[in-house]
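Undergrad: This structure is in structure tokens; I'll ask about it shortly.
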Amino acid sequence: MDLFLASVILLVATGILAGLSGRCPNAPARIAFLGMLGSAALASAPCIDVLFLGGAPETLHIPWDVPGGAFSLRLDALSAFFILPMLLISSLCALYGLEYMRAHLARRSVAAAWCFFNVLVASMMMVVVAHNAVLFLVAWEVMALASFFLVAFEDEKGEVRTAAWVYLIATHLGTAALLAMFAILGGPNGFFDFDAFGHGIAPGATAAVFLLAVVGFGAKAGFAPFHVWLPEAHPAAPSHVSALMSGLMIKTGIYGLLRIVMHLGPPPLWWGWTLLAIGLFSGIGGVLFALAQHDLKRLLAYHSVENIGIIAIGLGLGFAGWSSGLDVVCVLGFGGALLHVLNHSLFKSLLFLGAGSVLHATHTRDMDHLGGLLKRMPHTGGTFLIGSMAISGLPPFNGFVSEFLIFLGALHAIVQGNSQALLPSIATVTGLALISGLAAACFTKAFGGVFLGEPRSGHTQHAHDPGWRMRAPMWTLAGACLAIGLGAPWVAMQLSGTLTVVRPDLARSLPMLLQSGTLPLHYLVLTILAFLALVGTLAFLRSQLLRGRTIGESCTWDCGYAAPTARMQYTASSFAQPLTRLFHKVLGTQRCGDDVAGIFPASASISTVTPDVCAEKMYRPLFSGIEWMVLRLRWLQHGNIHLYVLYIAVTLLVLLIWKLN
Amino acid sequence: MAIASLIPVLLGLMLAPLMLGVINRTKAAFAGRNGQPLLQQYFDLWRLLHKGVVYSRTTTWVFRAGPVVGLAATLSALLLTPLGGVPSMLHFDGDFVLFALLLGVVRFMLIVAALDTGSAFEGMGASREAAFSALVEPALFLALASLAKYAGSLSLTGLYVPLDLAAWAQAGPGFALALITLLGVFVVENARIPVDDPNTHLELTMIHEVMVLDNSGPDFAFVQYTAALKHWIFGALIAGIAIPVRTGNVLLDTIAMVAGIGVLAVAVGVVESIMARLRMHRVPQLIVGAAALAVVALIVVGR
């Protein structure tokens, strides 16, 4: 635990130092980056020990004056599973930020941003090791505030301020649910150490705790319908921060859910179904709204909702399998969900870094204005393609491994389960298949729109690949995506320690279950190696066939039309149109513009916007209702201080009378 | 690995283009023409493999990689495909998930390669392909899951080996529904009427053909061979249900299956001769209908 604590302290210290060193333009970035590297090196040792080498969980307990609080930390395999990707990806994002933030230097100081960057990473690390509710909430709040300030980095823009506000409100509503949840868990005596949770808790209370955990942690993770802050905050934040938030921070919600729920004993069946339903809703809704977006980073943010949905589906299967005694389904569900947590953090941060690189080079996020960037930015384009295939769950990259495990779990449930399990399992298989199909459509849209074809506007004229500081993180993440895809059986076996934390009752049989459950992964990888060998063979064959033959160059076939322009290409929006039209009832896309009129139309225009259906139909009426009610009380707020003093006096008097009675 | 498991792969590699020949001859017979030789596809592939190539200046390495990766992924899917009672070369629990994902790779590469040309036509085809194939994915999974529910197995081979006459007697309605679903998947995945017309002459109305307009030479041969193999693979899945011949004799089973695929090819030819294609926005209804039938199949089998 000493190394871990040292690492957190180093992060905070370098963060503060970076914040104070704003006078020297390049200093904050360097200090923060070096601090991040050092802290990653320090913290990785205990995590590797706990996760891979079978080391015992490390604990630390220091009393604290705060009521109910204690400085109680515990680093077990579940924490380590979340921390290791944090260390890797935060270091890569910091390296990327070194170059990315330089563009902002001319306009504003970046010292505060670097300070909050390191504080954010430190608070995420504290969240997953805190073993006391008060300490957990403090770390949780620091994490929320640090990320709020990072989202609000470009606060001179109106849309950034709105995004930051939406995020701040959403995260605090989630925290309110968590407060209530911990209050129930702590009981009347106020035992707020995690170890004390779950003893003698009433069955009705466990249901309330579960629901509050789903709302509170779901708001952070981005479960629909609590996801509305993601598509606002992710595009607003600087890209390496979006990568950090989408890749890592929202996963602390998944961590919290697992950590709390495992104290509640064997789950009833409806918990599993609830999470499955949320997962399907988030997954399908997320990918559909992603399809309708024009903003590249907003599209990626909706895909975070989709992938959190896939994780929730896995968790739901895990809980359902747990409560119905189908241990294979449970292990495959939880295993798939955990692996998807890891996979998503890799490919989503890769994609956000790629999007940042595009934004850096072209100064626009609108896919309909881009195009042809693969020629100008081969590194960004190549890694973005790898990320796109990974997130679409296509071999040989990592996304398919976790989706495969969840599929396998659902299929086991169909084959082995009773008729009660049949309908939810059918829904799971259908939903997962639809999600993966739509995700592929969405990422062919994103990759095709941004990187392929001809440039659609002048934005791409001077675009070029960034320097090595931004390239190296992208290639490292792309390499990790491939490595997990090909090392799937090994990676899956490493989950055993983490799964034991979630299901200690299965501790003995878990390695066996995991081994038999993930046995197909060996053959899977074998087939994929055969696929790669075939790619190599065919590529060789093709090059041999073409040797010495004429390789001509020409323009794209245009039906004989002599003067094609780049404006005639299909745009990303037109590419997605068949699907957005099919689902227009769900999406509610609004279009405006002048239609083509007359025989020789002079001009026409169209623009579409797809606002979030939950934000528009649920939260807007809700919050306007609250505003309306609050406005009724406006007359109390008149600005006369002596009357305010009277309020205080009356309140005190009422309290006094109440107390005397 | 038994020698028998090589049979589905080798037969697929050899006979896939012939399936297209049978379809074309059937259509020709319906139209009162002599039609092209039965082996025309082979001649075409041979000719294309001996030609040079022309690339659009807009394209990048993605366009060149598309046909290669697409063919490799299709061949890998072929390794997982059983031929009725004859087991596939590789089989394991959940292999049909990988099967679907590999076909997803084929589609992904085909689409990005089409978008790489920057052509409005190819963008149009790619857009339609992306939309329809996204919808067809659940139908395929549900149809196979209903077979899995009956067989109690999660590998394609395990699904298909026990599908004999006794099984049909026991769970016939479920199989029939799954069969109809797979026929729907077949026409969408292979771009046949009523979803797409491979013989249409107008770029605006095409799906598959328009996506490969800019391919030439060996690349185009790869694309054509990929399409032929996809016909064969889905044909094998369909014939595997429709022909419940499981004698245990590899030779007899194989002959029955090849005959079944031949009959399917004739049926496709007949359908293309007597039906018009659907309007584009009606296609999703066909796919969703097919998926709904598969749900019914699953419930019927799992009851």
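Each chain in the structure tokens gets a letter, A, B, ..., in the order shown, and its residues are numbered from 1; ligands are numbered from 1 in order too.
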Can you check which residues of region 156-300 of chain B DSSP gives as alpha helix (DSSP H) on the backbone and send them as a PDB file with C-alpha atoms, in the first residue's frame?

TA:
```pdb
ATOM      1  CA  LEU B 156     -22.360 -25.074 -36.155  1.00  0.00           C
ATOM      2  CA  THR B 157     -21.323 -28.691 -36.600  1.00  0.00           C
ATOM      3  CA  GLY B 158     -23.108 -29.647 -33.398  1.00  0.00           C
ATOM      4  CA  LEU B 159     -26.186 -27.837 -34.692  1.00  0.00           C
ATOM      5  CA  TYR B 160     -26.286 -29.523 -38.051  1.00  0.00           C
ATOM      6  CA  LEU B 165     -35.562 -36.985 -40.255  1.00  0.00           C
ATOM      7  CA  ALA B 166     -36.351 -37.909 -36.651  1.00  0.00           C
ATOM      8  CA  ALA B 167     -35.434 -34.385 -35.603  1.00  0.00           C
ATOM      9  CA  TRP B 168     -37.718 -32.962 -38.275  1.00  0.00           C
ATOM     10  CA  ALA B 169     -40.526 -35.173 -37.019  1.00  0.00           C
ATOM     11  CA  GLN B 170     -39.954 -33.816 -33.535  1.00  0.00           C
ATOM     12  CA  ALA B 171     -39.378 -30.107 -34.136  1.00  0.00           C
ATOM     13  CA  GLY B 172     -40.391 -29.659 -37.759  1.00  0.00           C
ATOM     14  CA  PRO B 173     -42.301 -26.374 -37.426  1.00  0.00           C
ATOM     15  CA  GLY B 174     -39.366 -24.686 -35.693  1.00  0.00           C
ATOM     16  CA  PHE B 175     -36.931 -25.866 -38.355  1.00  0.00           C
ATOM     17  CA  ALA B 176     -39.239 -24.748 -41.126  1.00  0.00           C
ATOM     18  CA  LEU B 177     -39.406 -21.261 -39.644  1.00  0.00           C
ATOM     19  CA  ALA B 178     -35.631 -21.133 -39.168  1.00  0.00           C
ATOM     20  CA  LEU B 179     -35.268 -22.258 -42.786  1.00  0.00           C
ATOM     21  CA  ILE B 180     -37.447 -19.403 -44.030  1.00  0.00           C
ATOM     22  CA  THR B 181     -35.403 -16.956 -41.956  1.00  0.00           C
ATOM     23  CA  LEU B 182     -32.173 -18.258 -43.421  1.00  0.00           C
ATOM     24  CA  LEU B 183     -33.622 -17.919 -46.932  1.00  0.00           C
ATOM     25  CA  GLY B 184     -34.275 -14.277 -46.094  1.00  0.00           C
ATOM     26  CA  VAL B 185     -30.712 -13.918 -44.808  1.00  0.00           C
ATOM     27  CA  PHE B 186     -29.477 -15.570 -48.017  1.00  0.00           C
ATOM     28  CA  VAL B 187     -31.128 -13.062 -50.339  1.00  0.00           C
ATOM     29  CA  VAL B 188     -29.955 -10.081 -48.283  1.00  0.00           C
ATOM     30  CA  GLU B 189     -26.382 -11.247 -47.719  1.00  0.00           C
ATOM     31  CA  HIS B 208     -23.678  -5.021 -54.200  1.00  0.00           C
ATOM     32  CA  GLU B 209     -22.658  -4.488 -57.817  1.00  0.00           C
ATOM     33  CA  VAL B 210     -22.339  -0.745 -57.465  1.00  0.00           C
ATOM     34  CA  MET B 211     -19.927  -1.114 -54.545  1.00  0.00           C
ATOM     35  CA  GLY B 217      -8.123  -7.361 -62.484  1.00  0.00           C
ATOM     36  CA  PRO B 218      -7.136  -9.789 -59.717  1.00  0.00           C
ATOM     37  CA  ASP B 219      -8.817  -7.549 -57.141  1.00  0.00           C
ATOM     38  CA  PHE B 220     -12.108  -7.963 -58.939  1.00  0.00           C
ATOM     39  CA  ALA B 221     -11.506 -11.702 -59.208  1.00  0.00           C
ATOM     40  CA  PHE B 222     -11.130 -11.786 -55.416  1.00  0.00           C
ATOM     41  CA  VAL B 223     -14.355  -9.820 -54.998  1.00  0.00           C
ATOM     42  CA  GLN B 224     -16.253 -12.125 -57.365  1.00  0.00           C
ATOM     43  CA  TYR B 225     -14.887 -15.248 -55.720  1.00  0.00           C
ATOM     44  CA  THR B 226     -15.827 -13.843 -52.304  1.00  0.00           C
ATOM     45  CA  ALA B 227     -19.388 -13.327 -53.527  1.00  0.00           C
ATOM     46  CA  ALA B 228     -19.514 -16.879 -54.907  1.00  0.00           C
ATOM     47  CA  LEU B 229     -18.203 -18.323 -51.639  1.00  0.00           C
ATOM     48  CA  LYS B 230     -20.802 -16.397 -49.671  1.00  0.00           C
ATOM     49  CA  HIS B 231     -23.517 -17.935 -51.867  1.00  0.00           C
ATOM     50  CA  TRP B 232     -22.070 -21.348 -51.148  1.00  0.00           C
ATOM     51  CA  ILE B 233     -21.713 -20.825 -47.391  1.00  0.00           C
ATOM     52  CA  PHE B 234     -25.271 -19.646 -46.888  1.00  0.00           C
ATOM     53  CA  GLY B 235     -26.435 -22.330 -49.320  1.00  0.00           C
ATOM     54  CA  ALA B 236     -24.767 -24.924 -47.110  1.00  0.00           C
ATOM     55  CA  LEU B 237     -26.523 -23.547 -44.019  1.00  0.00           C
ATOM     56  CA  ILE B 238     -29.884 -23.693 -45.792  1.00  0.00           C
ATOM     57  CA  ALA B 239     -29.436 -27.089 -47.401  1.00  0.00           C
ATOM     58  CA  GLY B 240     -28.203 -28.427 -44.062  1.00  0.00           C
ATOM     59  CA  ILE B 241     -31.650 -27.853 -42.602  1.00  0.00           C
ATOM     60  CA  ALA B 242     -33.720 -28.582 -45.672  1.00  0.00           C
ATOM     61  CA  VAL B 250     -19.776 -39.315 -45.779  1.00  0.00           C
ATOM     62  CA  LEU B 251     -20.098 -39.877 -49.505  1.00  0.00           C
ATOM     63  CA  LEU B 252     -23.889 -40.193 -49.467  1.00  0.00           C
ATOM     64  CA  ASP B 253     -24.329 -37.240 -47.137  1.00  0.00           C
ATOM     65  CA  THR B 254     -22.080 -35.082 -49.282  1.00  0.00           C
ATOM     66  CA  ILE B 255     -23.883 -35.955 -52.475  1.00  0.00           C
ATOM     67  CA  ALA B 256     -27.231 -35.196 -50.877  1.00  0.00           C
ATOM     68  CA  MET B 257     -25.984 -31.836 -49.661  1.00  0.00           C
ATOM     69  CA  VAL B 258     -24.451 -30.812 -52.975  1.00  0.00           C
ATOM     70  CA  ALA B 259     -27.695 -31.773 -54.659  1.00  0.00           C
ATOM     71  CA  GLY B 260     -29.548 -29.678 -52.090  1.00  0.00           C
ATOM     72  CA  ILE B 261     -27.387 -26.646 -52.801  1.00  0.00           C
ATOM     73  CA  GLY B 262     -27.966 -27.245 -56.499  1.00  0.00           C
ATOM     74  CA  VAL B 263     -31.722 -27.232 -55.942  1.00  0.00           C
ATOM     75  CA  LEU B 264     -31.379 -24.011 -53.967  1.00  0.00           C
ATOM     76  CA  ALA B 265     -29.485 -22.451 -56.878  1.00  0.00           C
ATOM     77  CA  VAL B 266     -32.270 -23.466 -59.254  1.00  0.00           C
ATOM     78  CA  ALA B 267     -34.832 -22.058 -56.825  1.00  0.00           C
ATOM     79  CA  VAL B 268     -32.961 -18.750 -56.659  1.00  0.00           C
ATOM     80  CA  GLY B 269     -32.934 -18.670 -60.459  1.00  0.00           C
ATOM     81  CA  VAL B 270     -36.670 -19.335 -60.570  1.00  0.00           C
ATOM     82  CA  VAL B 271     -37.402 -16.617 -58.008  1.00  0.00           C
ATOM     83  CA  GLU B 272     -35.285 -14.131 -59.949  1.00  0.00           C
ATOM     84  CA  SER B 273     -37.175 -14.982 -63.114  1.00  0.00           C
ATOM     85  CA  ILE B 274     -40.672 -14.595 -61.776  1.00  0.00           C
ATOM     86  CA  VAL B 283     -36.473  -4.326 -47.691  1.00  0.00           C
ATOM     87  CA  PRO B 284     -36.238  -3.682 -43.915  1.00  0.00           C
ATOM     88  CA  GLN B 285     -39.764  -5.076 -43.566  1.00  0.00           C
ATOM     89  CA  LEU B 286     -38.636  -8.298 -45.216  1.00  0.00           C
ATOM     90  CA  ILE B 287     -35.651  -8.547 -42.887  1.00  0.00           C
ATOM     91  CA  VAL B 288     -37.576  -7.752 -39.731  1.00  0.00           C
ATOM     92  CA  GLY B 289     -40.215 -10.256 -40.805  1.00  0.00           C
ATOM     93  CA  ALA B 290     -37.536 -12.908 -41.198  1.00  0.00           C
ATOM     94  CA  ALA B 291     -36.122 -12.105 -37.764  1.00  0.00           C
ATOM     95  CA  ALA B 292     -39.589 -12.290 -36.227  1.00  0.00           C
ATOM     96  CA  LEU B 293     -40.091 -15.750 -37.724  1.00  0.00           C
ATOM     97  CA  ALA B 294     -36.829 -16.812 -36.137  1.00  0.00           C
ATOM     98  CA  VAL B 295     -38.057 -15.634 -32.730  1.00  0.00           C
ATOM     99  CA  VAL B 296     -41.145 -17.769 -33.225  1.00  0.00           C
ATOM    100  CA  ALA B 297     -38.894 -20.653 -34.251  1.00  0.00           C
ATOM    101  CA  LEU B 298     -36.902 -20.291 -31.040  1.00  0.00           C
ATOM    102  CA  ILE B 299     -40.028 -20.261 -28.902  1.00  0.00           C
ATOM    103  CA  VAL B 300     -41.513 -23.238 -30.768  1.00  0.00           C
TER     104      VAL B 300
END
```

Undergrad: Quick one: residues within 12 Å of Arg279 (chain B), only C-alpha atoms counted, chain neighbours fewer than 6 positions away excluded, as a PDB file with C-alpha atoms, in the first residue's frame?

TA:
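Below is the file selection-v6.pdb, written as the result:
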```pdb
ATOM      1  CA  ILE B 193     -33.880 -10.600 -55.845  1.00  0.00           C
ATOM      2  CA  PRO B 194     -36.106  -9.467 -54.115  1.00  0.00           C
ATOM      3  CA  VAL B 195     -33.488  -7.372 -52.268  1.00  0.00           C
ATOM      4  CA  ASP B 196     -31.035  -6.536 -55.025  1.00  0.00           C
ATOM      5  CA  ASP B 197     -30.942  -7.362 -58.707  1.00  0.00           C
ATOM      6  CA  THR B 205     -30.583   0.967 -58.173  1.00  0.00           C
ATOM      7  CA  MET B 206     -27.795  -1.408 -57.253  1.00  0.00           C
ATOM      8  CA  GLN B 285     -39.764  -5.076 -43.566  1.00  0.00           C
ATOM      9  CA  LEU B 286     -38.636  -8.298 -45.216  1.00  0.00           C
TER      10      LEU B 286
END
```

Undergrad: Got a sec to pull out which chain A residues are within 7 Å of chain B, counting only C-alpha atoms, and send them as a PyMOL selection string?

TA: chain A and resi 375+394+404+408+414-415+419+430+433-434+437-438+440-441+444+448+452-454+520+523+527+530-531+534-535+538-539+542+546+549-557+568-570+575-576+578-579

Undergrad: CA of Leu513 (chain A) to CA of Phe400 (chain A): how many Å, to one decimal?

TA: 20.8 Å
